[in-house]
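Working notes, beginning with the structure itself.
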Protein chains: 2
Amino acid sequence: MPTASTRSTPSPTGLQCRMALLGADVRLTPHRREVFEVLASSTDHPTATDVFDRVKARTPSISLATVYNCLEHLTSAGLIKQVHLERGQSRYCANLHEHVHFHCETCGKVIDAHPAADFDPAKFWVLPKGTKVTRMDIAIHGTCDACAAKS
Amino acid sequence: MPTASTRSTPSPTGLQCRMALLGADVRLTPHRREVFEVLASSTDHPTATDVFDRVKARTPSISLATVYNCLEHLTSAGLIKQVHLERGQSRYCANLHEHVHFHCETCGKVIDAHPAADFDPAKFWVLPKGTKVTRMDIAIHGTCDACAAKS
DNA sequence: ATGTAAAATTAGAATCATTCCAATTCTAAT
DNA sequence: ATTAGAATTGGAATGATTCTAATTTTACAT
């Protein structure tokens, strides 16, 4: 099923670019590349086992341990992000644009939502002085359109 | 818009009031009361086992299963909140005022931070139409003053 | 008071996600 | 080609949480 012609999102070259831009310090092994590509072409914030299943479709020999390992390296290289919306499995996403996650509490779906304008989060909360902010995680929980319609 | 903040150890009576106000549907058993009191007098966002240890100091016979059970009931009654800052243990907090969590990635400390003014989160992100928002979780990650000073 | 049904509590087993480990294979630079 | 350092692997180990089935407590009707 994986044909080069249907390759969506970033090509390996795109990945290399991205890595260069980010000064990412990861060796680009075939497995890591595949894990990244699966993630880059997914918009549903898959869990580690979701990624495992998808990568396995192309590379049946890969192990779950390797997927975890790849996800960890890609995360610490800044190429992907780990998302924690609720207890249980971590989810992963390759969307590095500033965004927040909408989480439907009924069907579990996760949707990226983008800031309305030039939103500067830092100025909205009073933090103790001396605090250094590195990142923010914003999760909006509720009911998606489809689930809201059903009830 | 929030009321004057009296953030001290709520008395059992305070808890009853709170329950009444919230229309909370939990039977107020001694264990649940103790779990709630431990949480209400903690500002460090303890984990379930932290709560277990603290409650056990007063009620050595309590079991971890009961603590989990109490935390779940108190959470679904809206008396406390479950917090997920990173993967691993859930944390709990009894501060129901609107606030966000600052998480120090160095020492793990969690600090409540309050919105600067009349902050209306809903208007900052573009959500698909039909979406119904029930709550937001905002986590700010970084380095606390003390840890920043050390490095 | 007493009996009863429902809810709470318990210890321990089971589950689930993740991490660790030790052995093997691959890679990149001598 | 050699070799050290990574990457990968399967499986074991861990840690947090949930489940289960038995027991106790509670609220309420009698």
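As shown in the structure tokens, the chain order sets the letters A, B, ...; within each chain, residues go from 1, and ligands are also counted from 1 in the order they appear.
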Practice item. Show which residues sit within 9 Å of Ile80 in chain A, as a ChimeraX atom specification. Count only C-alpha atoms (C1' of nucleotides), and ignore same-chain residues fewer than 4 positions away. Key: /A:36,39-40,71,74-76,92-96
Review point. Once the least-squares fit of chain B onto chain A is done over all Cα atoms matched in order, how many Å of RMSD are left?
Key: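 My reading of the C-alpha RMSD is 5.3 Å.
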Exercise for review: Return as a list in words the residues belonging to chain C that are within 9 Å of chain A, counting only C-alpha atoms (C1' of nucleotides).
Suggested key: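 Here they are: DC16, DA17 and DT18 of chain C.
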Review point. For chain D against chain A, which residues fall within 12 Å using only C-alpha atoms (C1' of nucleotides), given as a PyMOL selection string?
Key: chain D and resi 6-11+16-18
Selected residues written out with N, CA and C atoms (P, O5', C5', C4', C3', O3' and C1' of nucleotides), as a PDB file, in the first residue's frame:
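Output contents, as saved in part08.pdb:
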```pdb
ATOM      1  P    DA D   6      27.360   6.997  21.045  1.00  0.00           P
ATOM      2  O5'  DA D   6      26.408   6.795  19.825  1.00  0.00           O
ATOM      3  C5'  DA D   6      25.502   5.811  19.865  1.00  0.00           C
ATOM      4  C4'  DA D   6      24.777   5.781  18.556  1.00  0.00           C
ATOM      5  C3'  DA D   6      23.314   5.746  18.874  1.00  0.00           C
ATOM      6  O3'  DA D   6      22.576   6.268  17.793  1.00  0.00           O
ATOM      7  C1'  DA D   6      24.095   3.606  18.185  1.00  0.00           C
ATOM      8  P    DA D   7      21.040   6.314  17.911  1.00  0.00           P
ATOM      9  O5'  DA D   7      20.610   4.875  17.369  1.00  0.00           O
ATOM     10  C5'  DA D   7      20.895   4.549  16.016  1.00  0.00           C
ATOM     11  C4'  DA D   7      20.216   3.242  15.670  1.00  0.00           C
ATOM     12  C3'  DA D   7      18.749   3.165  16.049  1.00  0.00           C
ATOM     13  O3'  DA D   7      18.080   2.589  14.930  1.00  0.00           O
ATOM     14  C1'  DA D   7      19.925   1.384  17.042  1.00  0.00           C
ATOM     15  P    DT D   8      16.556   2.411  14.873  1.00  0.00           P
ATOM     16  O5'  DT D   8      16.406   0.913  15.371  1.00  0.00           O
ATOM     17  C5'  DT D   8      16.936  -0.131  14.560  1.00  0.00           C
ATOM     18  C4'  DT D   8      16.733  -1.468  15.245  1.00  0.00           C
ATOM     19  C3'  DT D   8      15.310  -1.733  15.721  1.00  0.00           C
ATOM     20  O3'  DT D   8      14.789  -2.803  14.931  1.00  0.00           O
ATOM     21  C1'  DT D   8      16.954  -2.389  17.324  1.00  0.00           C
ATOM     22  P    DT D   9      13.307  -3.228  15.098  1.00  0.00           P
ATOM     23  O5'  DT D   9      13.443  -4.386  16.179  1.00  0.00           O
ATOM     24  C5'  DT D   9      14.270  -5.500  15.875  1.00  0.00           C
ATOM     25  C4'  DT D   9      14.395  -6.422  17.078  1.00  0.00           C
ATOM     26  C3'  DT D   9      13.101  -6.652  17.813  1.00  0.00           C
ATOM     27  O3'  DT D   9      12.544  -7.885  17.368  1.00  0.00           O
ATOM     28  C1'  DT D   9      14.945  -6.320  19.326  1.00  0.00           C
ATOM     29  P    DG D  10      11.053  -8.212  17.662  1.00  0.00           P
ATOM     30  O5'  DG D  10      11.178  -9.084  18.984  1.00  0.00           O
ATOM     31  C5'  DG D  10      12.000 -10.252  18.977  1.00  0.00           C
ATOM     32  C4'  DG D  10      12.070 -10.790  20.390  1.00  0.00           C
ATOM     33  C3'  DG D  10      10.702 -11.036  21.047  1.00  0.00           C
ATOM     34  O3'  DG D  10      10.727 -12.318  21.645  1.00  0.00           O
ATOM     35  C1'  DG D  10      11.972  -9.482  22.354  1.00  0.00           C
ATOM     36  P    DG D  11       9.569 -12.854  22.478  1.00  0.00           P
ATOM     37  O5'  DG D  11       9.993 -12.579  23.993  1.00  0.00           O
ATOM     38  C5'  DG D  11      11.352 -12.780  24.394  1.00  0.00           C
ATOM     39  C4'  DG D  11      11.544 -12.183  25.766  1.00  0.00           C
ATOM     40  C3'  DG D  11      10.333 -12.362  26.692  1.00  0.00           C
ATOM     41  O3'  DG D  11      10.826 -12.666  27.984  1.00  0.00           O
ATOM     42  C1'  DG D  11      10.899 -10.105  26.579  1.00  0.00           C
ATOM     43  P    DA D  16       4.191   5.093  40.171  1.00  0.00           P
ATOM     44  O5'  DA D  16       2.734   5.155  39.506  1.00  0.00           O
ATOM     45  C5'  DA D  16       2.593   5.762  38.241  1.00  0.00           C
ATOM     46  C4'  DA D  16       1.226   5.460  37.717  1.00  0.00           C
ATOM     47  C3'  DA D  16       0.094   5.803  38.682  1.00  0.00           C
ATOM     48  O3'  DA D  16      -0.815   6.653  37.993  1.00  0.00           O
ATOM     49  C1'  DA D  16      -0.106   3.560  37.891  1.00  0.00           C
ATOM     50  P    DT D  17      -2.097   7.210  38.699  1.00  0.00           P
ATOM     51  O5'  DT D  17      -3.161   6.101  38.318  1.00  0.00           O
ATOM     52  C5'  DT D  17      -3.365   5.820  36.938  1.00  0.00           C
ATOM     53  C4'  DT D  17      -4.194   4.571  36.785  1.00  0.00           C
ATOM     54  C3'  DT D  17      -5.563   4.643  37.440  1.00  0.00           C
ATOM     55  O3'  DT D  17      -6.507   4.708  36.374  1.00  0.00           O
ATOM     56  C1'  DT D  17      -4.537   2.505  37.702  1.00  0.00           C
ATOM     57  P    DT D  18      -8.025   4.802  36.662  1.00  0.00           P
ATOM     58  O5'  DT D  18      -8.467   3.261  36.574  1.00  0.00           O
ATOM     59  C5'  DT D  18      -8.195   2.559  35.381  1.00  0.00           C
ATOM     60  C4'  DT D  18      -8.641   1.123  35.556  1.00  0.00           C
ATOM     61  C3'  DT D  18     -10.075   0.981  36.024  1.00  0.00           C
ATOM     62  O3'  DT D  18     -10.678   0.059  35.111  1.00  0.00           O
ATOM     63  C1'  DT D  18      -8.648  -0.325  37.375  1.00  0.00           C
TER      64       DT D  18
END
```
Exercise for review: Apply DSSP to the structure's backbone, then extract all residues of range 45-110 of chain A labelled strand (DSSP E or B) and return them as an MDAnalysis selection string.
Suggested key: chainID A and resid 47 81:83 91:93 100:104 110
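The shortest atom-to-atom distance to DA27 in chain D, with only C-alpha atoms (C1' of nucleotides) taken into account, belongs to C:DA6 out of C:DG12, C:DA6, C:DA28, C:DA1.
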Chain A residues near chain B (6 Å cut-off, only C-alpha atoms) as a short mmCIF file (atom, residue, chain, number, x, y, z; two decimals) with N, CA, C and O atoms, in the first residue's frame:
```
data_model
loop_
_atom_site.label_atom_id
_atom_site.label_comp_id
_atom_site.auth_asym_id
_atom_site.auth_seq_id
_atom_site.Cartn_x
_atom_site.Cartn_y
_atom_site.Cartn_z
N ALA A 113 -6.53 23.22 16.91
CA ALA A 113 -7.18 24.52 16.75
C ALA A 113 -6.10 25.59 16.84
O ALA A 113 -5.13 25.44 17.60
N HIS A 114 -6.26 26.59 16.02
CA HIS A 114 -5.19 27.58 15.93
C HIS A 114 -5.57 28.89 16.61
O HIS A 114 -6.75 29.20 16.73
N PRO A 115 -4.58 29.61 17.05
CA PRO A 115 -4.88 30.86 17.75
C PRO A 115 -5.55 31.87 16.82
O PRO A 115 -5.26 31.91 15.62
N ALA A 116 -6.44 32.65 17.35
CA ALA A 116 -7.23 33.57 16.56
C ALA A 116 -6.39 34.60 15.84
O ALA A 116 -6.60 34.87 14.67
N PHE A 124 -1.09 36.51 29.66
CA PHE A 124 -2.41 36.34 30.26
C PHE A 124 -2.41 35.77 31.66
O PHE A 124 -3.41 35.80 32.34
N TRP A 125 -1.29 35.23 32.08
CA TRP A 125 -1.27 34.65 33.42
C TRP A 125 -0.14 35.23 34.22
O TRP A 125 0.93 35.54 33.70
N VAL A 126 -0.41 35.37 35.49
CA VAL A 126 0.57 35.95 36.40
C VAL A 126 1.41 34.83 36.98
O VAL A 126 0.91 34.01 37.75
N LEU A 127 2.66 34.78 36.57
CA LEU A 127 3.55 33.75 37.07
C LEU A 127 4.50 34.35 38.10
O LEU A 127 4.81 35.55 38.02
N GLY A 130 10.79 35.41 38.05
CA GLY A 130 11.94 34.51 37.92
C GLY A 130 11.60 33.26 37.12
O GLY A 130 12.48 32.54 36.69
N THR A 131 10.33 33.03 36.94
CA THR A 131 9.88 31.86 36.19
C THR A 131 10.24 31.98 34.72
O THR A 131 10.05 33.03 34.12
N LYS A 132 10.77 30.91 34.18
CA LYS A 132 11.13 30.90 32.75
C LYS A 132 10.21 29.94 32.01
O LYS A 132 10.17 28.76 32.33
N VAL A 133 9.50 30.44 31.03
CA VAL A 133 8.55 29.59 30.30
C VAL A 133 9.20 28.99 29.06
O VAL A 133 9.84 29.69 28.30
N THR A 134 9.04 27.69 28.89
CA THR A 134 9.58 27.09 27.67
C THR A 134 8.49 26.68 26.70
O THR A 134 8.68 26.72 25.51
N ARG A 135 7.35 26.26 27.23
CA ARG A 135 6.26 25.91 26.33
C ARG A 135 4.93 25.89 27.08
O ARG A 135 4.91 25.83 28.31
N MET A 136 3.86 25.90 26.32
CA MET A 136 2.54 25.82 26.93
C MET A 136 1.76 24.69 26.27
O MET A 136 1.90 24.47 25.07
N ASP A 137 0.97 24.03 27.06
CA ASP A 137 0.07 23.01 26.52
C ASP A 137 -1.35 23.45 26.83
O ASP A 137 -1.70 23.58 28.01
N ILE A 138 -2.10 23.65 25.79
CA ILE A 138 -3.48 24.07 26.01
C ILE A 138 -4.42 23.03 25.45
O ILE A 138 -4.36 22.70 24.27
N ALA A 139 -5.26 22.51 26.31
CA ALA A 139 -6.24 21.50 25.89
C ALA A 139 -7.63 22.02 26.18
O ALA A 139 -7.92 22.50 27.27
N ILE A 140 -8.48 21.95 25.15
CA ILE A 140 -9.85 22.38 25.30
C ILE A 140 -10.72 21.12 25.23
O ILE A 140 -10.67 20.39 24.25
N HIS A 141 -11.46 20.87 26.28
CA HIS A 141 -12.27 19.66 26.34
C HIS A 141 -13.74 20.01 26.13
O HIS A 141 -14.19 21.05 26.58
N GLY A 142 -14.43 19.12 25.47
CA GLY A 142 -15.85 19.37 25.23
C GLY A 142 -16.45 18.33 24.32
O GLY A 142 -16.09 17.15 24.38
N THR A 143 -17.37 18.75 23.50
CA THR A 143 -18.08 17.85 22.61
C THR A 143 -17.93 18.35 21.18
O THR A 143 -18.16 19.54 20.93
N CYS A 144 -17.56 17.48 20.29
CA CYS A 144 -17.39 17.91 18.91
C CYS A 144 -18.75 18.06 18.23
O CYS A 144 -19.77 17.59 18.75
N ASP A 145 -18.74 18.68 17.09
CA ASP A 145 -19.97 18.95 16.35
C ASP A 145 -20.81 17.69 16.17
O ASP A 145 -21.98 17.63 16.52
#
```
Point to revise | All alpha helix (DSSP H) positions in range 38-79 of chain A, as a list in words | key: Val38, Leu39, Ala40, Ala48, Thr49, Asp50, Val51, Phe52, Asp53, Arg54, Val55, Lys56, Ala57, Arg58, Leu64, Ala65, Thr66, Val67, Tyr68, Asn69, Cys70, Leu71, Glu72, His73, Leu74, Thr75 and Ser76 of chain A
Okay, now the selection with C-alpha atoms, as an mmCIF file, in the first residue's frame?
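File written: out_10.cif
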```
data_model
loop_
_atom_site.group_PDB
_atom_site.id
_atom_site.type_symbol
_atom_site.label_atom_id
_atom_site.label_comp_id
_atom_site.auth_asym_id
_atom_site.auth_seq_id
_atom_site.Cartn_x
_atom_site.Cartn_y
_atom_site.Cartn_z
ATOM 1 C CA VAL A 38 3.453 8.087 9.654
ATOM 2 C CA LEU A 39 3.030 10.886 12.107
ATOM 3 C CA ALA A 40 3.444 13.630 9.554
ATOM 4 C CA ALA A 48 2.350 4.864 20.352
ATOM 5 C CA THR A 49 0.494 1.667 19.538
ATOM 6 C CA ASP A 50 -1.426 3.390 16.744
ATOM 7 C CA VAL A 51 1.891 4.441 15.264
ATOM 8 C CA PHE A 52 3.219 0.941 15.790
ATOM 9 C CA ASP A 53 0.296 -0.546 13.867
ATOM 10 C CA ARG A 54 0.654 1.907 11.005
ATOM 11 C CA VAL A 55 4.391 1.517 10.658
ATOM 12 C CA LYS A 56 4.061 -2.242 10.866
ATOM 13 C CA ALA A 57 1.929 -2.179 7.743
ATOM 14 C CA ARG A 58 5.045 -1.195 5.825
ATOM 15 C CA LEU A 64 6.987 -1.645 19.739
ATOM 16 C CA ALA A 65 10.115 -0.890 21.729
ATOM 17 C CA THR A 66 11.651 0.672 18.653
ATOM 18 C CA VAL A 67 8.566 2.766 18.035
ATOM 19 C CA TYR A 68 8.756 4.075 21.594
ATOM 20 C CA ASN A 69 12.420 4.708 21.120
ATOM 21 C CA CYS A 70 11.913 6.560 17.840
ATOM 22 C CA LEU A 71 9.102 8.629 19.271
ATOM 23 C CA GLU A 72 11.279 9.609 22.173
ATOM 24 C CA HIS A 73 14.201 10.644 20.008
ATOM 25 C CA LEU A 74 12.024 12.538 17.553
ATOM 26 C CA THR A 75 10.350 14.278 20.461
ATOM 27 C CA SER A 76 13.550 15.338 22.123
#
```
Check your understanding: Mind pulling up the distance from C1' of DT3 in chain D to C1' of DT30 in chain C?
Key -> 8.5 Å
Review point. Do you have the CA of His45 in chain B-CA of Arg91 in chain B distance handy?
Key: 5.5 Å
Exercise for review: Could you give me, as number ranges by chain, the residues within 12 Å of DA7 in chain C, counting only C-alpha atoms (C1' of nucleotides) and dropping anything in the same chain fewer than 2 positions from it?
Suggested key: B: 26-29; C: 5, 9; D: 24-27
